[in-house]
>>> print(open('target_10.txt').read())   # compact mmCIF, C-alpha atoms
# COMPACT_ATOMS: atom_id res chain seq x y z
CA MET A 173 106.19 87.54 135.93
CA LYS A 174 104.96 87.18 132.37
CA SER A 175 101.50 86.90 130.89
CA ALA A 176 100.73 85.02 127.66
CA LYS A 177 98.38 86.40 125.00
CA THR A 178 97.00 84.65 121.97
CA HIS A 179 95.17 87.68 120.59
CA PHE A 180 96.87 90.96 119.74
CA LYS A 181 95.69 94.29 118.44
CA LYS A 182 98.47 95.93 116.52
CA PHE A 183 101.37 93.61 117.20
CA GLN A 184 103.85 96.33 118.13
CA TYR A 185 106.02 94.37 120.56
CA PHE A 186 109.20 94.25 118.46
CA TYR A 187 109.73 98.03 118.25
CA PRO A 188 111.66 100.35 118.37
CA TYR A 189 112.71 100.23 114.72
CA THR A 190 114.22 102.99 112.63
CA VAL A 191 111.65 104.71 110.44
CA ALA A 192 112.27 104.76 106.69
CA LEU A 193 110.60 107.02 104.19
CA VAL A 194 110.18 104.84 101.11
CA GLY A 195 109.02 105.95 97.72
CA ALA A 196 109.63 106.29 94.03
CA ARG A 197 108.89 108.17 90.86
CA ALA A 198 106.48 106.59 88.39
CA GLY A 199 106.07 108.84 85.34
CA LYS A 200 105.20 112.25 86.77
CA ARG A 201 104.08 110.93 90.14
CA VAL A 202 106.52 111.05 93.06
CA ASN A 203 105.38 109.76 96.44
CA PHE A 204 106.83 108.61 99.75
CA MET A 205 105.37 106.92 102.82
CA SER A 206 106.68 106.17 106.31
CA CYS A 207 107.60 102.53 106.69
CA ALA A 208 108.61 100.85 109.96
CA TRP A 209 108.55 97.25 108.74
CA HIS A 210 111.83 96.69 106.96
CA THR A 211 114.97 94.59 107.20
CA ALA A 212 118.15 93.66 105.43
CA LEU A 213 117.70 90.33 103.62
CA SER A 214 121.16 89.52 102.25
CA PHE A 215 124.75 90.77 102.30
CA GLU A 216 125.71 89.40 98.90
CA PRO A 217 123.94 90.54 96.84
CA PRO A 218 122.94 93.45 99.12
CA LEU A 219 119.16 93.12 99.42
CA PHE A 220 116.90 95.30 101.55
CA GLY A 221 113.21 94.55 102.10
CA ILE A 222 110.31 96.87 102.90
CA LEU A 223 106.75 95.84 103.71
CA VAL A 224 103.97 97.82 102.07
CA SER A 225 100.24 97.21 102.41
CA LYS A 226 98.38 96.65 99.16
CA LYS A 227 96.09 99.51 100.19
CA ARG A 228 98.91 102.07 100.07
CA TYR A 229 99.24 104.52 97.18
CA THR A 230 103.00 103.92 97.32
CA HIS A 231 102.38 100.24 96.56
CA GLY A 232 101.23 101.12 93.05
CA ILE A 233 103.97 103.70 92.54
CA ILE A 234 106.81 101.29 93.38
CA THR A 235 105.22 98.46 91.44
CA GLU A 236 105.09 100.67 88.35
CA ALA A 237 108.52 102.27 88.88
CA ARG A 238 110.30 98.91 89.49
CA GLU A 239 112.62 100.82 91.84
CA PHE A 240 112.47 102.68 95.17
CA THR A 241 114.53 104.71 97.57
CA VAL A 242 114.80 104.18 101.34
CA ASN A 243 115.50 107.28 103.43
CA PHE A 244 116.34 107.34 107.14
CA LEU A 245 115.61 110.45 109.20
CA SER A 246 117.07 111.77 112.40
CA PHE A 247 114.81 112.52 115.36
CA ASP A 248 114.29 116.03 113.92
CA GLY A 249 112.22 114.40 111.18
CA ILE A 250 109.54 113.23 113.63
CA LYS A 251 106.81 115.52 112.29
CA LEU A 252 107.62 114.69 108.67
CA SER A 253 107.45 110.98 109.44
CA ALA A 254 104.07 111.35 111.14
CA GLN A 255 102.70 113.26 108.18
CA MET A 256 104.21 110.87 105.62
CA GLY A 257 102.65 107.97 107.48
CA ARG A 258 99.16 109.35 107.98
CA LYS A 259 98.45 111.23 104.77
CA SER A 260 97.95 109.53 101.41
CA GLY A 261 99.44 110.48 98.07
CA ARG A 262 95.95 109.89 96.66
CA ASP A 263 94.75 113.01 98.49
CA ILE A 264 97.72 115.38 98.46
CA ASP A 265 101.07 115.85 96.77
CA LYS A 266 103.04 115.07 99.91
CA VAL A 267 106.39 116.26 98.55
CA LYS A 268 105.02 119.67 97.62
CA GLU A 269 102.63 120.22 100.52
CA LEU A 270 105.02 119.02 103.22
CA GLY A 271 107.94 120.95 101.75
CA VAL A 272 110.15 117.89 101.29
CA ARG A 273 113.47 118.64 99.58
CA LEU A 274 114.52 116.01 97.06
CA ARG A 275 117.85 115.14 95.52
CA PRO A 276 118.25 113.21 92.27
CA GLY A 277 119.24 109.55 92.38
CA LYS A 278 122.66 108.59 91.11
CA VAL A 279 121.47 105.61 89.09
CA LEU A 280 117.68 105.61 89.52
CA LYS A 281 115.00 107.95 88.18
CA SER A 282 113.50 108.09 91.69
CA PRO A 283 114.65 110.87 94.01
CA LEU A 284 116.05 110.70 97.52
CA ILE A 285 114.99 112.80 100.48
CA GLU A 286 117.57 115.48 101.23
CA GLU A 287 116.83 115.51 104.99
CA ALA A 288 117.85 111.83 105.33
CA TYR A 289 121.21 111.13 107.01
CA VAL A 290 121.47 107.94 104.96
CA ALA A 291 119.48 106.74 101.95
CA PHE A 292 119.52 103.77 99.58
CA GLU A 293 118.76 103.50 95.87
CA CYS A 294 117.16 100.10 95.24
CA ARG A 295 116.24 98.30 92.06
CA LEU A 296 113.09 96.26 92.62
CA ALA A 297 114.06 92.58 92.47
CA GLU A 298 110.83 90.94 93.55
CA ILE A 299 107.44 91.50 95.18
CA ARG A 300 106.40 88.70 97.52
CA PRO A 301 103.05 88.64 99.37
CA PHE A 302 102.93 87.77 103.07
CA GLY A 303 99.44 87.97 104.59
CA ASP A 304 98.07 91.51 104.30
CA HIS A 305 101.38 93.07 103.21
CA ASP A 306 103.76 92.69 100.28
CA LEU A 307 107.52 92.45 100.71
CA PHE A 308 109.30 94.62 98.15
CA VAL A 309 112.80 93.27 97.74
CA GLY A 310 115.31 95.86 96.61
CA GLU A 311 118.83 95.32 95.36
CA VAL A 312 120.81 98.14 96.95
CA LEU A 313 122.78 99.89 94.21
CA VAL A 314 123.88 103.10 95.94
CA VAL A 315 124.10 104.32 99.53
CA HIS A 316 124.09 108.09 100.15
CA GLU A 317 125.44 109.07 103.54
CA GLU A 318 125.88 112.31 105.39
CA ALA A 319 129.57 113.01 106.10
CA HIS A 320 130.85 111.84 109.53
CA THR A 321 127.62 109.98 110.29
CA PHE A 322 129.14 106.52 109.93
CA ASN A 323 132.64 105.34 110.68
CA SER A 324 134.75 103.36 108.21
CA ASP A 325 133.07 100.13 109.36
CA GLU A 326 129.69 101.66 108.57
CA ILE A 327 128.76 101.97 112.25
CA LEU A 328 126.51 104.90 113.08
CA ASN A 329 128.17 107.59 115.18
CA PRO A 330 125.60 108.28 117.91
CA MET A 331 127.30 111.56 118.77
CA LYS A 332 126.57 112.82 115.25
CA VAL A 333 123.05 111.59 114.60
CA ARG A 334 120.13 110.46 116.70
CA PRO A 335 117.93 108.31 114.44
CA LEU A 336 114.16 108.52 114.53
CA LEU A 337 112.83 105.33 116.11
CA TYR A 338 109.22 104.15 115.96
CA LEU A 339 107.34 102.55 118.87
CA GLY A 340 103.96 102.14 117.14
CA SER A 341 100.70 104.16 117.12
CA ASP A 342 102.45 107.47 116.40
CA PHE A 343 104.89 107.15 119.32
CA TYR A 344 108.55 107.85 118.69
CA ILE A 345 111.80 107.83 120.63
CA THR A 346 115.54 108.07 120.00
CA ILE A 347 118.81 106.71 121.33
CA ASP A 348 120.84 107.71 124.35
CA PRO A 349 124.40 108.30 123.01
CA ASP A 350 125.86 107.74 126.49
CA THR A 351 124.89 104.05 126.35
CA PHE A 352 126.91 103.33 123.17
CA LYS A 353 128.95 100.20 123.90
CA HIS A 354 131.20 97.71 122.16
CA VAL A 355 130.98 94.18 123.58
CA LEU A 356 132.98 91.13 122.73
CA PRO A 357 131.64 87.67 123.57
CA ASP A 358 134.44 86.86 126.06
CA MET B 510 126.80 117.21 102.22
CA LYS B 511 126.35 113.58 101.23
CA SER B 512 128.64 111.09 99.56
CA ALA B 513 127.42 108.23 97.37
CA LYS B 514 128.86 104.73 97.61
CA THR B 515 128.25 101.79 95.33
CA HIS B 516 130.33 99.30 97.33
CA PHE B 517 129.66 98.48 100.96
CA LYS B 518 131.29 96.25 103.52
CA LYS B 519 128.74 95.12 106.02
CA PHE B 520 125.73 97.18 105.05
CA GLN B 521 124.89 98.33 108.57
CA TYR B 522 123.31 101.69 107.72
CA PHE B 523 119.74 100.88 108.73
CA TYR B 524 120.50 100.15 112.40
CA PRO B 525 119.68 100.48 115.30
CA TYR B 526 117.32 97.49 115.43
CA THR B 527 116.15 95.56 118.45
CA VAL B 528 118.09 92.33 118.93
CA ALA B 529 116.14 89.08 119.03
CA LEU B 530 117.36 85.77 120.35
CA VAL B 531 115.78 83.21 118.04
CA GLY B 532 115.84 79.47 118.46
CA ALA B 533 113.98 76.22 118.82
CA ARG B 534 114.02 72.69 120.12
CA ALA B 535 114.57 69.90 117.61
CA GLY B 536 114.53 66.54 119.37
CA LYS B 537 116.98 66.88 122.24
CA ARG B 538 118.79 69.86 120.75
CA VAL B 539 117.88 73.36 121.94
CA ASN B 540 119.74 76.33 120.48
CA PHE B 541 119.40 80.09 120.14
CA MET B 542 121.26 82.75 118.16
CA SER B 543 121.25 86.55 118.15
CA CYS B 544 119.37 87.92 115.17
CA ALA B 545 119.20 91.58 114.18
CA TRP B 546 117.54 91.13 110.80
CA HIS B 547 113.85 90.72 111.45
CA THR B 548 110.55 92.42 110.75
CA ALA B 549 106.81 92.05 111.06
CA LEU B 550 105.37 90.88 107.73
CA SER B 551 101.60 90.94 108.25
CA PHE B 552 98.96 91.98 110.79
CA GLU B 553 96.33 89.43 109.75
CA PRO B 554 97.46 86.72 110.02
CA PRO B 555 100.19 87.93 112.41
CA LEU B 556 103.43 86.97 110.66
CA PHE B 557 106.94 87.74 111.88
CA GLY B 558 110.05 87.13 109.79
CA ILE B 559 113.64 86.43 110.84
CA LEU B 560 116.66 86.16 108.54
CA VAL B 561 119.08 83.31 109.21
CA SER B 562 122.18 82.46 107.23
CA LYS B 563 122.31 78.96 105.82
CA LYS B 564 125.66 78.58 107.62
CA ARG B 565 124.09 78.92 111.06
CA TYR B 566 123.51 75.92 113.32
CA THR B 567 120.13 77.44 114.23
CA HIS B 568 119.12 77.23 110.56
CA GLY B 569 119.02 73.45 110.76
CA ILE B 570 117.36 73.42 114.18
CA ILE B 571 114.44 75.62 113.11
CA THR B 572 114.08 73.84 109.78
CA GLU B 573 113.73 70.53 111.63
CA ALA B 574 111.55 71.88 114.46
CA ARG B 575 109.13 73.69 112.09
CA GLU B 576 108.71 76.29 114.85
CA PHE B 577 110.76 78.94 116.66
CA THR B 578 110.62 81.47 119.44
CA VAL B 579 111.68 85.13 119.23
CA ASN B 580 112.96 86.69 122.45
CA PHE B 581 113.69 90.38 123.01
CA LEU B 582 116.18 91.44 125.68
CA SER B 583 116.63 94.63 127.63
CA PHE B 584 119.98 96.45 127.58
CA ASP B 585 121.05 94.27 130.54
CA GLY B 586 121.21 91.35 128.08
CA ILE B 587 124.06 92.93 126.10
CA LYS B 588 126.65 90.31 127.09
CA LEU B 589 124.26 87.41 126.47
CA SER B 590 123.45 88.78 123.03
CA ALA B 591 127.13 89.12 122.14
CA GLN B 592 127.80 85.54 123.23
CA MET B 593 124.70 84.17 121.49
CA GLY B 594 125.76 85.91 118.30
CA ARG B 595 129.42 84.92 118.24
CA LYS B 596 129.43 81.35 119.53
CA SER B 597 127.96 78.40 117.63
CA GLY B 598 125.71 75.65 118.93
CA ARG B 599 127.94 73.28 116.96
CA ASP B 600 130.76 73.96 119.45
CA ILE B 601 129.01 74.49 122.78
CA ASP B 602 125.64 73.99 124.43
CA LYS B 603 124.91 77.71 124.64
CA VAL B 604 121.91 77.38 126.95
CA LYS B 605 123.89 75.39 129.52
CA GLU B 606 127.26 77.13 129.23
CA LEU B 607 125.86 80.67 129.19
CA GLY B 608 123.44 79.94 132.04
CA VAL B 609 120.32 80.87 130.05
CA ARG B 610 117.09 80.30 131.94
CA LEU B 611 114.30 78.84 129.81
CA ARG B 612 110.56 78.72 130.23
CA PRO B 613 108.28 76.25 128.45
CA GLY B 614 106.24 77.37 125.49
CA LYS B 615 102.49 77.55 125.87
CA VAL B 616 101.69 75.87 122.57
CA LEU B 617 105.11 74.97 121.12
CA LYS B 618 107.67 72.38 122.16
CA SER B 619 110.37 75.06 121.87
CA PRO B 620 111.24 77.04 125.00
CA LEU B 621 111.34 80.80 125.54
CA ILE B 622 114.12 82.75 127.20
CA GLU B 623 113.11 83.82 130.70
CA GLU B 624 115.22 87.02 130.62
CA ALA B 625 113.23 88.38 127.66
CA TYR B 626 110.78 91.20 128.38
CA VAL B 627 108.67 90.02 125.45
CA ALA B 628 108.78 86.80 123.43
CA PHE B 629 106.81 85.19 120.61
CA GLU B 630 105.95 81.57 119.89
CA CYS B 631 105.89 81.11 116.11
CA ARG B 632 104.82 78.20 113.95
CA LEU B 633 107.06 78.03 110.86
CA ALA B 634 104.91 78.94 107.87
CA GLU B 635 107.53 79.15 105.15
CA ILE B 636 111.26 79.37 104.41
CA ARG B 637 112.09 81.71 101.56
CA PRO B 638 115.67 82.26 100.28
CA PHE B 639 116.93 85.80 99.59
CA GLY B 640 120.56 85.96 98.50
CA ASP B 641 122.83 84.57 101.21
CA HIS B 642 120.10 84.39 103.89
CA ASP B 643 116.80 82.58 104.33
CA LEU B 644 113.67 84.31 105.58
CA PHE B 645 111.91 82.14 108.15
CA VAL B 646 108.28 83.22 108.25
CA GLY B 647 106.57 82.55 111.56
CA GLU B 648 102.89 82.70 112.37
CA VAL B 649 102.76 84.31 115.80
CA LEU B 650 100.61 82.13 118.05
CA VAL B 651 101.44 83.47 121.51
CA VAL B 652 103.07 86.62 122.90
CA HIS B 653 104.59 86.47 126.37
CA GLU B 654 105.11 89.86 127.97
CA GLU B 655 106.55 91.09 131.22
CA ALA B 656 103.91 92.87 133.31
CA HIS B 657 103.74 96.68 132.91
CA THR B 658 106.17 96.65 129.98
CA PHE B 659 103.54 97.48 127.36
CA ASN B 660 100.42 99.60 127.67
CA SER B 661 96.98 98.42 126.54
CA ASP B 662 97.76 99.54 122.97
CA GLU B 663 100.88 97.36 123.01
CA ILE B 664 103.22 100.37 123.13
CA LEU B 665 106.47 99.79 124.98
CA ASN B 666 106.77 101.80 128.20
CA PRO B 667 110.28 103.29 127.96
CA MET B 668 110.28 104.05 131.69
CA LYS B 669 109.96 100.31 132.41
CA VAL B 670 112.30 98.74 129.87
CA ARG B 671 115.24 99.88 127.80
CA PRO B 672 115.50 97.47 124.86
CA LEU B 673 118.84 96.22 123.60
CA LEU B 674 119.50 97.84 120.23
CA TYR B 675 122.13 96.70 117.74
CA LEU B 676 124.32 99.03 115.67
CA GLY B 677 126.40 96.37 113.89
CA SER B 678 129.86 94.85 114.49
CA ASP B 679 129.23 94.16 118.19
CA PHE B 680 128.16 97.74 118.97
CA TYR B 681 125.03 98.26 121.01
CA ILE B 682 122.99 101.17 122.35
CA THR B 683 119.62 101.81 123.97
CA ILE B 684 116.87 104.41 124.06
CA ASP B 685 116.65 107.70 125.91
CA PRO B 686 113.28 107.57 127.77
CA ASP B 687 113.20 111.38 127.98
CA THR B 688 112.71 111.61 124.20
CA PHE B 689 109.50 109.51 124.18
CA LYS B 690 106.99 111.48 122.12
CA HIS B 691 103.52 111.12 120.61
CA VAL B 692 103.05 113.03 117.36
CA LEU B 693 99.97 113.50 115.28
CA PRO B 694 100.26 114.51 111.63
CA ASP B 695 98.51 117.88 112.11
>>> encode(input="target_10.txt", output="C-alpha cells")
Amino acid sequence: MKSAKTHFKKFQYFYPYTVALVGARAGKRVNFMSCAWHTALSFEPPLFGILVSKKRYTHGIITEAREFTVNFLSFDGIKLSAQMGRKSGRDIDKVKELGVRLRPGKVLKSPLIEEAYVAFECRLAEIRPFGDHDLFVGEVLVVHEEAHTFNSDEILNPMKVRPLLYLGSDFYITIDPDTFKHVLPD
Amino acid sequence: MKSAKTHFKKFQYFYPYTVALVGARAGKRVNFMSCAWHTALSFEPPLFGILVSKKRYTHGIITEAREFTVNFLSFDGIKLSAQMGRKSGRDIDKVKELGVRLRPGKVLKSPLIEEAYVAFECRLAEIRPFGDHDLFVGEVLVVHEEAHTFNSDEILNPMKVRPLLYLGSDFYITIDPDTFKHVLPD
C-alpha cells in the first residue's frame, strides 16, 4: 500500500548512489568535496556530470580550474567521505588536515585521490544551472583503475571492492557480493 | 597499483546505481524503459534528471507526453528490469506482454509501476542534449512510497527493501543491510 506526497524534505528516495569525491586544483588551491549527485551523460563523447551547489567552495575551484577529477571510494572510505562532505575548504585545508594522499593527473593539473579504486580526469565542457545546483559536465579523458577491480568489460568485481554507497543524511551502506547476478531478458 | 586508460568501451566504472523504470503515456501509447543514468539536479525546485538515448522509443513518448514517471524496483524486479532494458516498445507492448501492473498517477496522465517501492511523477521541464543522450529534466510533483520503506527523514530502511542496483552489461547486485551505518564527520 503506497502513500503519495507532494512535499518532501531532502528528496533522498533515489539512493543508494556511489559517493564521488570531486575536486580540482586552481592555482595553489586544491580542494575536494563529497558528491552523491552524479551520472554519466554520454558514451560518445564520454561525458560525466556532477552536481555542485553554488554555495560550495569547490564550485569556485572547478569553475576556475576548468577541469576536475572524480574519485570513487570503497566502503573503507566512509569516514573520509563524511568529512569531505561536511567540512568546507573555506575553513580548512581538507587534503592536509584529513591526511588525503594525492597522485598527479596524467593529463590534468588537478590531482587524483590515491585511496580511490577508480578515478576520472575530466576536462570541464560546460556548466549548466538547474534550480539550486549547477551541473558540471566533464569530458572524461583518463580513467585510473585499481588492478583487478574491473573485468575486461569494465564491470566491477564485487569480490574485490565494496563501493561506498550513500543513502542520504550521513547514512551509508555497501553491496552484498553474494547477490551479484547476470540476467538476460529471456 | 593503478593503471590509466584513455580509451573505454562502455564506461561503466561509476556503478552501482539504482535502476529506474522510466516512461509515460502519450495518447494511447504507454511505454517504460530501464534507465541507469539518472540523478537529482536540484532540491528547490525538486528536479530529477534521466538520460535517454535519442534512439529509444521512450524518447519520443516522453517528448510527446511532456511528463514522465520514475519507478524504483527492489531486487525482486531484476528480471523485469532486464526485459524493460533490452526489449523495445516499437516491437512489443511491454506493459501487456511483461505483465506489468500499473497504477494511475495522482496529477499526471502517465501511470506508475505498482511493483515499485518508490516512484515519482515528473512534469517535463526541459530536454537538454549531451553527446549521444538527452537529459530529460523533470519537476517532481508527487512521490509515491511503499509504507515503512523510508523513515521520516526519507532515508531508505535497508531492512525493509533491498533496491535493485545496476553494475552494467546486464549485471545486477543489491545492498548488504548489515553494513548500514551513520557517520558524523567528527
>>> calpha_fit_and_write(input="target_10.txt", fixed="chain B", moving="chain A", output="CSV table (one decimal) with C-alpha atoms, in the coordinates of the input")
chain,number,residue,atom,x,y,z
A,173,MET,CA,126.8,117.2,102.2
A,174,LYS,CA,126.4,113.6,101.2
A,175,SER,CA,128.6,111.1,99.6
A,176,ALA,CA,127.4,108.2,97.4
A,177,LYS,CA,128.9,104.7,97.6
A,178,THR,CA,128.3,101.8,95.3
A,179,HIS,CA,130.3,99.3,97.3
A,180,PHE,CA,129.7,98.5,101.0
A,181,LYS,CA,131.3,96.2,103.5
A,182,LYS,CA,128.7,95.1,106.0
A,183,PHE,CA,125.7,97.2,105.0
A,184,GLN,CA,124.9,98.3,108.6
A,185,TYR,CA,123.3,101.7,107.7
A,186,PHE,CA,119.7,100.9,108.7
A,187,TYR,CA,120.5,100.1,112.4
A,188,PRO,CA,119.7,100.5,115.3
A,189,TYR,CA,117.3,97.5,115.4
A,190,THR,CA,116.2,95.5,118.4
A,191,VAL,CA,118.1,92.3,118.9
A,192,ALA,CA,116.1,89.1,119.0
A,193,LEU,CA,117.4,85.8,120.4
A,194,VAL,CA,115.8,83.2,118.0
A,195,GLY,CA,115.8,79.5,118.4
A,196,ALA,CA,114.0,76.2,118.8
A,197,ARG,CA,114.0,72.7,120.1
A,198,ALA,CA,114.6,69.9,117.6
A,199,GLY,CA,114.5,66.5,119.4
A,200,LYS,CA,117.0,66.9,122.2
A,201,ARG,CA,118.8,69.9,120.8
A,202,VAL,CA,117.9,73.4,122.0
A,203,ASN,CA,119.7,76.3,120.5
A,204,PHE,CA,119.4,80.1,120.1
A,205,MET,CA,121.3,82.7,118.2
A,206,SER,CA,121.2,86.6,118.1
A,207,CYS,CA,119.4,87.9,115.2
A,208,ALA,CA,119.2,91.6,114.2
A,209,TRP,CA,117.5,91.1,110.8
A,210,HIS,CA,113.9,90.7,111.5
A,211,THR,CA,110.5,92.4,110.8
A,212,ALA,CA,106.8,92.0,111.0
A,213,LEU,CA,105.4,90.9,107.7
A,214,SER,CA,101.6,90.9,108.3
A,215,PHE,CA,99.0,92.0,110.8
A,216,GLU,CA,96.4,89.4,109.8
A,217,PRO,CA,97.5,86.7,110.0
A,218,PRO,CA,100.2,87.9,112.4
A,219,LEU,CA,103.4,87.0,110.7
A,220,PHE,CA,106.9,87.7,111.9
A,221,GLY,CA,110.1,87.1,109.8
A,222,ILE,CA,113.6,86.4,110.8
A,223,LEU,CA,116.6,86.2,108.5
A,224,VAL,CA,119.1,83.3,109.2
A,225,SER,CA,122.2,82.5,107.2
A,226,LYS,CA,122.3,79.0,105.8
A,227,LYS,CA,125.7,78.6,107.6
A,228,ARG,CA,124.1,78.9,111.1
A,229,TYR,CA,123.5,75.9,113.3
A,230,THR,CA,120.1,77.5,114.2
A,231,HIS,CA,119.1,77.2,110.6
A,232,GLY,CA,119.0,73.5,110.8
A,233,ILE,CA,117.4,73.4,114.2
A,234,ILE,CA,114.4,75.6,113.1
A,235,THR,CA,114.1,73.8,109.8
A,236,GLU,CA,113.7,70.5,111.6
A,237,ALA,CA,111.6,71.9,114.5
A,238,ARG,CA,109.1,73.7,112.1
A,239,GLU,CA,108.7,76.3,114.8
A,240,PHE,CA,110.8,78.9,116.7
A,241,THR,CA,110.6,81.5,119.4
A,242,VAL,CA,111.7,85.1,119.2
A,243,ASN,CA,113.0,86.7,122.5
A,244,PHE,CA,113.7,90.4,123.0
A,245,LEU,CA,116.2,91.4,125.7
A,246,SER,CA,116.6,94.6,127.6
A,247,PHE,CA,120.0,96.4,127.6
A,248,ASP,CA,121.0,94.3,130.5
A,249,GLY,CA,121.2,91.4,128.1
A,250,ILE,CA,124.0,92.9,126.1
A,251,LYS,CA,126.6,90.3,127.1
A,252,LEU,CA,124.3,87.4,126.5
A,253,SER,CA,123.4,88.8,123.0
A,254,ALA,CA,127.1,89.1,122.1
A,255,GLN,CA,127.8,85.6,123.2
A,256,MET,CA,124.7,84.2,121.5
A,257,GLY,CA,125.8,85.9,118.3
A,258,ARG,CA,129.4,84.9,118.2
A,259,LYS,CA,129.4,81.4,119.5
A,260,SER,CA,128.0,78.4,117.6
A,261,GLY,CA,125.7,75.7,118.9
A,262,ARG,CA,127.9,73.3,117.0
A,263,ASP,CA,130.7,74.0,119.4
A,264,ILE,CA,129.0,74.5,122.8
A,265,ASP,CA,125.6,74.0,124.4
A,266,LYS,CA,124.9,77.7,124.6
A,267,VAL,CA,121.9,77.4,127.0
A,268,LYS,CA,123.9,75.4,129.5
A,269,GLU,CA,127.3,77.2,129.2
A,270,LEU,CA,125.8,80.7,129.2
A,271,GLY,CA,123.4,80.0,132.0
A,272,VAL,CA,120.3,80.9,130.0
A,273,ARG,CA,117.1,80.3,131.9
A,274,LEU,CA,114.3,78.8,129.8
A,275,ARG,CA,110.5,78.7,130.2
A,276,PRO,CA,108.3,76.2,128.5
A,277,GLY,CA,106.2,77.4,125.5
A,278,LYS,CA,102.5,77.6,125.9
A,279,VAL,CA,101.7,75.9,122.6
A,280,LEU,CA,105.1,75.0,121.1
A,281,LYS,CA,107.7,72.4,122.2
A,282,SER,CA,110.4,75.1,121.9
A,283,PRO,CA,111.2,77.1,125.0
A,284,LEU,CA,111.4,80.8,125.5
A,285,ILE,CA,114.1,82.8,127.2
A,286,GLU,CA,113.1,83.8,130.7
A,287,GLU,CA,115.2,87.0,130.6
A,288,ALA,CA,113.2,88.4,127.6
A,289,TYR,CA,110.8,91.2,128.4
A,290,VAL,CA,108.7,90.0,125.5
A,291,ALA,CA,108.8,86.8,123.4
A,292,PHE,CA,106.8,85.2,120.6
A,293,GLU,CA,105.9,81.6,119.9
A,294,CYS,CA,105.9,81.1,116.1
A,295,ARG,CA,104.8,78.2,113.9
A,296,LEU,CA,107.1,78.0,110.9
A,297,ALA,CA,104.9,78.9,107.9
A,298,GLU,CA,107.5,79.1,105.1
A,299,ILE,CA,111.3,79.4,104.4
A,300,ARG,CA,112.1,81.7,101.5
A,301,PRO,CA,115.7,82.3,100.3
A,302,PHE,CA,116.9,85.8,99.6
A,303,GLY,CA,120.6,86.0,98.5
A,304,ASP,CA,122.8,84.6,101.2
A,305,HIS,CA,120.1,84.4,103.9
A,306,ASP,CA,116.8,82.6,104.3
A,307,LEU,CA,113.7,84.3,105.6
A,308,PHE,CA,111.9,82.1,108.2
A,309,VAL,CA,108.3,83.2,108.2
A,310,GLY,CA,106.6,82.5,111.6
A,311,GLU,CA,102.9,82.7,112.4
A,312,VAL,CA,102.8,84.3,115.8
A,313,LEU,CA,100.6,82.1,118.0
A,314,VAL,CA,101.4,83.5,121.5
A,315,VAL,CA,103.1,86.6,122.9
A,316,HIS,CA,104.6,86.5,126.4
A,317,GLU,CA,105.1,89.9,128.0
A,318,GLU,CA,106.5,91.1,131.2
A,319,ALA,CA,103.9,92.9,133.3
A,320,HIS,CA,103.7,96.7,132.9
A,321,THR,CA,106.2,96.6,130.0
A,322,PHE,CA,103.5,97.5,127.4
A,323,ASN,CA,100.4,99.6,127.7
A,324,SER,CA,97.0,98.4,126.5
A,325,ASP,CA,97.8,99.5,123.0
A,326,GLU,CA,100.9,97.4,123.0
A,327,ILE,CA,103.2,100.4,123.1
A,328,LEU,CA,106.5,99.8,125.0
A,329,ASN,CA,106.8,101.8,128.2
A,330,PRO,CA,110.3,103.3,128.0
A,331,MET,CA,110.3,104.0,131.7
A,332,LYS,CA,110.0,100.3,132.4
A,333,VAL,CA,112.3,98.7,129.9
A,334,ARG,CA,115.2,99.9,127.8
A,335,PRO,CA,115.5,97.5,124.9
A,336,LEU,CA,118.8,96.2,123.6
A,337,LEU,CA,119.5,97.8,120.2
A,338,TYR,CA,122.1,96.7,117.7
A,339,LEU,CA,124.3,99.0,115.7
A,340,GLY,CA,126.4,96.4,113.9
A,341,SER,CA,129.9,94.8,114.5
A,342,ASP,CA,129.2,94.1,118.2
A,343,PHE,CA,128.2,97.7,119.0
A,344,TYR,CA,125.0,98.3,121.0
A,345,ILE,CA,123.0,101.2,122.3
A,346,THR,CA,119.6,101.8,124.0
A,347,ILE,CA,116.9,104.4,124.1
A,348,ASP,CA,116.7,107.7,125.9
A,349,PRO,CA,113.3,107.6,127.8
A,350,ASP,CA,113.2,111.4,128.0
A,351,THR,CA,112.7,111.6,124.2
A,352,PHE,CA,109.5,109.5,124.2
A,353,LYS,CA,107.0,111.5,122.1
A,354,HIS,CA,103.5,111.1,120.6
A,355,VAL,CA,103.1,113.0,117.4
A,356,LEU,CA,100.0,113.5,115.3
A,357,PRO,CA,100.3,114.5,111.6
A,358,ASP,CA,98.6,117.9,112.1
>>> interface_residues(input="target_10.txt", of="chain B", to="chain A", cutoff="7 Å", atoms="all atoms listed in the file", output="ChimeraX atom specification")
/B:510-515,519-522,524-527,546-554,560,588,591-592,595,639-642,650-656,663-665,676-677,679-685,688-694
>>> closest_residue(input="target_10.txt", among="B:Ser543, B:Thr567, B:Thr572, B:Thr578", to="B:Pro620", atoms="only C-alpha atoms")
B:Thr578
>>> residues_around(input="target_10.txt", residues="A:Arg262", least_positions_apart="2", cutoff="10 Å", atoms="all atoms listed in the file", output="ChimeraX atom specification")
/A:203,228-230,259-260,264-266
>>> atom_distance(input="target_10.txt", atom1="atom CA of B:Glu606", atom2="atom CA of B:Glu576")
23.5 Å
>>> atom_distance(input="target_10.txt", atom1="atom CA of A:Gly310", atom2="atom CA of A:Glu298")
7.3 Å
>>> atom_distance(input="target_10.txt", atom1="atom CA of B:Gly532", atom2="atom CA of B:Asn660")
27.0 Å
>>> residues_around(input="target_10.txt", residues="stretch 200-202 of chain A", least_positions_apart="4", cutoff="8 Å", atoms="only C-alpha atoms", output="list in words")
Gly195, Ala196, Ile233, Val267 and Ser282 of chain A
>>> decode(input="target_10.txt", residues="stretch 205-217 of chain A", atoms="C-alpha atoms", output="CSV table (one decimal), in the first residue's frame")
chain,number,residue,atom,x,y,z
A,205,MET,CA,34.1,17.6,-1.7
A,206,SER,CA,31.8,14.5,-1.4
A,207,CYS,CA,29.3,14.4,-4.2
A,208,ALA,CA,26.4,12.0,-4.4
A,209,TRP,CA,24.5,13.6,-7.3
A,210,HIS,CA,26.3,12.5,-10.5
A,211,THR,CA,25.6,10.5,-13.6
A,212,ALA,CA,27.1,9.5,-17.0
A,213,LEU,CA,25.7,11.8,-19.7
A,214,SER,CA,27.0,10.3,-22.9
A,215,PHE,CA,29.1,7.4,-24.2
A,216,GLU,CA,30.5,9.2,-27.3
A,217,PRO,CA,32.0,11.5,-26.4
